[in-house]
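Chemist: First, the structure itself, so that you have it in front of you.
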Amino acid sequence: MNKITIAIDGFSSTGKSTVAKQLAKALGYVYVDTGAMYRAVTLYAMQSGLINNSDFNVEALIYQLSNINISFKFNAALGFAEVYLNDVNIEKKIRTLEVSSFVSKVAAISKVRKKLVEQQQKMGHDKGVVMDGRDIGTVVFPDAELKLFMTASAETRAERRFQELIERGDKVDYKDVLQNVQERDYIDSNRADSPLIKAKDAIEIDNSHMSLDEQFNKILKLANMTIEDLE
Ligand code: DC
């Protein structure tokens with residue numbers, strides 16, 4: 001059976017990773033969370049003292065990029081690959097509001113993007129991959145056979161992120177989470193290098209009023225139709 005590349009882009013907290021994981025499992029594909037890679041670089045910058053309050057030493061981060069090794073290891077119990085920074089599992093550490101509040105600034109740096117995009121293209125070289133992010137259908141895999149663009153209102157997305165953080169035991173305010181979602185939307189959509197835009201050939205999915213099951217069934221159908229069309 002032909003393998004395809006599935007690119008899932010969209011705003012933060014639109015449920016990209018949830019559906020990407022479901023899809024990868026159903027099709028036996030590899031799932032790559034590219035947001036985790038930008039978050040890993042952000043965590044590195046924080047741990048190395050390159051980010052202090054609102055001070056961010058961009059030059060030093062660029063200089064140290066070769067020290068940053070990001071990898072994924074499949075965790076059978078969880079059913080997806082967790083992200084590692086220089087061989088340390090950082091899957092939980094990268095999901096905090098602190099990392100979220102800096103990651104868009106890190107993701108706007110062209111040299112960071114160049115390094116990560118090259119690694120992503122290698123990971124998807126043999127197809128059979130579901131990759132989610134902001135520039136997958138536009139920059140990383142412009143020839144992907146199936147491109148999806150996920151949207152939902154900022155309030156719906158902030159509510160989902162807020163619940164996730166609360167369930168993890170983080171003490172956060174809904175107001176701060178909403179503000180973070182809106183700030184990231186703005187920075188991600190307005191940066192000079194690879195801004196978040198819908199690829200011309202992407203299918204838009206607004207899941208503000210869709211259940212997870214409805215969404216998954218719709219997307220799995222699209223994937224199967226795309227695979228069948230190739231045969
Ligand atoms: O999907 P996420 O929320 O974990 O992504 C974290 C940040 O990384 C997001 O604010 C934008 C950035 N990002 C990006 O610029 N390009 C990608 N391919 C993936 C994420």
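Within each chain, counting starts at residue 1; across the structure tokens, chains are named A, B, ... in the order shown, with ligands numbered 1 upward in that order.
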Using only C-alpha atoms, which protein or nucleic acid residues come within 12 Å of region 41-48 of chain A? Drop anything in the same chain fewer than 4 positions from it, and give the result as an MDAnalysis selection string.

Modeler: chainID A and resid 34:37 52:71 83:86 88:109 111:113 115:116

Chemist: Would you please give, as number ranges by chain, all residues of region 62-150 of chain A that DSSP assigns to helix (DSSP H, G or I) based on the backbone?

Modeler: A: 62-63, 65-67, 93-95, 97-107, 110-123, 136-140

Chemist: Keeping N, CA, C and O atoms for every residue in the selection just given, could you write it to a file as a short mmCIF file (atom, residue, chain, number, x, y, z; two decimals), in the first residue's frame?

Modeler:
```
data_model
loop_
_atom_site.label_atom_id
_atom_site.label_comp_id
_atom_site.auth_asym_id
_atom_site.auth_seq_id
_atom_site.Cartn_x
_atom_site.Cartn_y
_atom_site.Cartn_z
N ILE A 62 21.88 31.22 19.06
CA ILE A 62 22.28 30.84 17.70
C ILE A 62 23.69 30.21 17.74
O ILE A 62 23.94 29.20 17.10
N TYR A 63 24.55 30.80 18.53
CA TYR A 63 25.92 30.31 18.66
C TYR A 63 25.94 28.88 19.22
O TYR A 63 26.77 28.05 18.84
N LEU A 65 23.55 26.59 18.95
CA LEU A 65 22.60 25.65 18.31
C LEU A 65 23.18 24.26 18.08
O LEU A 65 22.46 23.26 18.17
N SER A 66 24.48 24.20 17.77
CA SER A 66 25.07 22.88 17.49
C SER A 66 25.15 22.00 18.75
O SER A 66 25.37 20.80 18.66
N ASN A 67 24.96 22.61 19.93
CA ASN A 67 24.97 21.81 21.18
C ASN A 67 23.60 21.17 21.44
O ASN A 67 23.44 20.44 22.42
N LYS A 93 8.38 18.71 30.81
CA LYS A 93 8.95 20.04 31.10
C LYS A 93 8.63 21.08 30.02
O LYS A 93 8.67 22.27 30.28
N ILE A 94 8.37 20.61 28.79
CA ILE A 94 8.16 21.58 27.71
C ILE A 94 6.72 22.06 27.59
O ILE A 94 6.41 22.89 26.76
N ARG A 95 5.82 21.51 28.44
CA ARG A 95 4.40 21.87 28.31
C ARG A 95 3.96 22.94 29.30
O ARG A 95 2.77 23.17 29.46
N LEU A 97 3.45 26.75 31.06
CA LEU A 97 3.07 28.06 30.52
C LEU A 97 4.32 28.92 30.31
O LEU A 97 4.37 29.75 29.41
N GLU A 98 5.35 28.67 31.13
CA GLU A 98 6.61 29.42 31.01
C GLU A 98 7.26 29.15 29.64
O GLU A 98 7.67 30.08 28.94
N VAL A 99 7.35 27.88 29.28
CA VAL A 99 7.91 27.55 27.96
C VAL A 99 6.99 28.12 26.87
O VAL A 99 7.46 28.75 25.91
N SER A 100 5.68 27.95 27.06
CA SER A 100 4.72 28.46 26.05
C SER A 100 4.87 29.95 25.84
O SER A 100 4.67 30.46 24.74
N SER A 101 5.23 30.67 26.91
CA SER A 101 5.26 32.12 26.77
C SER A 101 6.51 32.60 26.02
O SER A 101 6.57 33.74 25.61
N PHE A 102 7.50 31.72 25.84
CA PHE A 102 8.71 32.13 25.09
C PHE A 102 8.85 31.46 23.74
O PHE A 102 9.60 31.93 22.88
N VAL A 103 8.12 30.36 23.55
CA VAL A 103 8.42 29.52 22.39
C VAL A 103 8.20 30.23 21.04
O VAL A 103 8.97 30.02 20.10
N SER A 104 7.21 31.11 20.97
CA SER A 104 6.98 31.78 19.68
C SER A 104 8.14 32.68 19.31
O SER A 104 8.44 32.86 18.13
N LYS A 105 8.79 33.26 20.32
CA LYS A 105 9.95 34.13 20.04
C LYS A 105 11.11 33.27 19.51
O LYS A 105 11.82 33.66 18.59
N VAL A 106 11.28 32.10 20.10
CA VAL A 106 12.35 31.19 19.66
C VAL A 106 12.04 30.69 18.25
O VAL A 106 12.92 30.62 17.39
N ALA A 107 10.75 30.40 18.00
CA ALA A 107 10.35 29.85 16.69
C ALA A 107 10.43 30.89 15.58
O ALA A 107 10.33 30.54 14.40
N SER A 110 15.23 32.57 12.36
CA SER A 110 15.43 31.81 11.11
C SER A 110 16.42 30.67 11.26
O SER A 110 16.21 29.59 10.70
N LYS A 111 17.52 30.90 12.00
CA LYS A 111 18.53 29.83 12.12
C LYS A 111 18.00 28.64 12.91
O LYS A 111 18.38 27.50 12.65
N VAL A 112 17.13 28.91 13.87
CA VAL A 112 16.49 27.81 14.61
C VAL A 112 15.59 27.03 13.66
O VAL A 112 15.64 25.79 13.57
N ARG A 113 14.80 27.77 12.87
CA ARG A 113 13.87 27.11 11.94
C ARG A 113 14.63 26.25 10.94
O ARG A 113 14.24 25.14 10.62
N LYS A 114 15.75 26.80 10.42
CA LYS A 114 16.51 26.08 9.39
C LYS A 114 16.98 24.73 9.94
O LYS A 114 16.81 23.69 9.32
N LYS A 115 17.52 24.77 11.17
CA LYS A 115 18.03 23.52 11.78
C LYS A 115 16.89 22.51 11.96
O LYS A 115 17.02 21.34 11.62
N LEU A 116 15.76 22.98 12.50
CA LEU A 116 14.68 22.04 12.80
C LEU A 116 13.98 21.54 11.54
O LEU A 116 13.62 20.36 11.45
N VAL A 117 13.82 22.43 10.55
CA VAL A 117 13.16 22.01 9.30
C VAL A 117 13.99 20.92 8.62
O VAL A 117 13.44 19.92 8.13
N GLU A 118 15.32 21.07 8.62
CA GLU A 118 16.17 20.04 8.00
C GLU A 118 15.97 18.69 8.68
O GLU A 118 15.85 17.66 8.03
N GLN A 119 15.92 18.72 10.02
CA GLN A 119 15.73 17.47 10.77
C GLN A 119 14.34 16.88 10.47
O GLN A 119 14.19 15.67 10.29
N GLN A 120 13.34 17.74 10.37
CA GLN A 120 11.96 17.26 10.09
C GLN A 120 11.89 16.63 8.70
O GLN A 120 11.24 15.60 8.50
N GLN A 121 12.57 17.26 7.73
CA GLN A 121 12.53 16.71 6.36
C GLN A 121 13.20 15.34 6.32
O GLN A 121 12.74 14.44 5.61
N LYS A 122 14.26 15.17 7.12
CA LYS A 122 14.92 13.84 7.17
C LYS A 122 13.96 12.82 7.79
O LYS A 122 13.83 11.70 7.31
N MET A 123 13.28 13.23 8.88
CA MET A 123 12.40 12.28 9.58
C MET A 123 11.24 11.84 8.68
O MET A 123 10.72 10.74 8.82
N ILE A 136 4.18 22.98 8.08
CA ILE A 136 4.47 21.66 7.51
C ILE A 136 3.99 21.59 6.05
O ILE A 136 4.74 21.16 5.17
N GLY A 137 2.77 22.06 5.81
CA GLY A 137 2.24 22.01 4.44
C GLY A 137 2.79 23.10 3.54
O GLY A 137 2.69 23.01 2.32
N THR A 138 3.37 24.15 4.13
CA THR A 138 3.87 25.27 3.32
C THR A 138 5.37 25.20 3.08
O THR A 138 5.85 25.54 2.00
N VAL A 139 6.14 24.75 4.09
CA VAL A 139 7.60 24.81 3.99
C VAL A 139 8.26 23.43 4.11
O VAL A 139 9.10 23.07 3.29
N VAL A 140 7.88 22.66 5.11
CA VAL A 140 8.59 21.40 5.37
C VAL A 140 8.26 20.37 4.29
O VAL A 140 9.16 19.79 3.68
#
```

Chemist: Excluding Asp213 (chain A) and residues on its chain fewer than 3 positions from it, collect all residues at most 12 Å away from it, counting only C-alpha atoms, and give them as a list in words.

Modeler: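 In the requested form, the answer reads Thr18, Val19, Gln22, Leu23, Asn207, His209, Met210, Phe216, Asn217, Lys218, Ile219 and Leu220 of chain A.
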
Chemist: Neighbours of Lys127 (chain A) within 12 Å (only C-alpha atoms; same-chain residues fewer than 2 positions away dropped), as a VMD selection string?

Modeler: chain A and resid 1 to 7 24 28 to 32 120 to 125 129 to 131 141 143 to 146 227

Chemist: Kindly indicate which residue among A:Ile197, A:Ile205, A:Ala81, A:Ala223 lies nearest to ligand 1, using only C-alpha atoms and all ligand atoms for the distances.

Modeler: A:Ile197

Chemist: Work out how far apart CA of Leu222 (chain A) and CA of Glu155 (chain A) are and give it in Å to one decimal.

Modeler: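 Distance reported for this atom pair: 27.4 Å.
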
Chemist: For the strand (DSSP E or B) assignment from backbone DSSP, which residues of region 128-194 of chain A qualify? Please present them as a list in words.

Modeler: Val129, Val130, Met131, Asp132, Gly133, Leu146, Lys147, Leu148, Phe149, Met150 and Thr151 of chain A

Chemist: Could you jot down the CA of Gln215 (chain A) to CA of Gly15 (chain A) separation for me, Å, one decimal place?

Modeler: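 Calculated distance between CA of Gln215 (chain A) and CA of Gly15 (chain A) is 9.7 Å.
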
Chemist: Give the answer as one residue: which of A:Arg191, A:Ala77, A:Ala154, A:Glu214 has the shortest atom-to-atom distance to Lys175 (chain A), using only C-alpha atoms?

Modeler: A:Ala154

Chemist: Rank A:Gln182, A:Ser13, A:Thr151, A:Gln163 by their smallest atom-to-atom distance to ligand 1, using only C-alpha atoms and all ligand atoms, and report the top residue only.

Modeler: A:Ser13

Chemist: Choose the residue, out of A:Gly49, A:Lys21, A:Tyr38, A:Asp135, that has the smallest atom-to-atom separation from Ser189 (chain A); count only C-alpha atoms.

Modeler: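 Closest residue, counting only C-alpha atoms: A:Asp135.
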
Chemist: Measure the distance from CA of Arg168 (chain A) to CA of Leu27 (chain A) in Å and round it to one decimal.

Modeler: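 Interatomic distance here is 29.2 Å.
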
Chemist: Point out the residue among A:Ile166, A:Ile203, A:Leu78, A:Ala20 with the least atom-to-atom distance to ligand 1, counting only C-alpha atoms and all ligand atoms.

Modeler: A:Ala20

Chemist: Looking at only C-alpha atoms and all ligand atoms, which of A:Leu196, A:Ile51, A:Leu178, A:Ala158 is the one that sits closest to ligand 1?

Modeler: A:Leu196
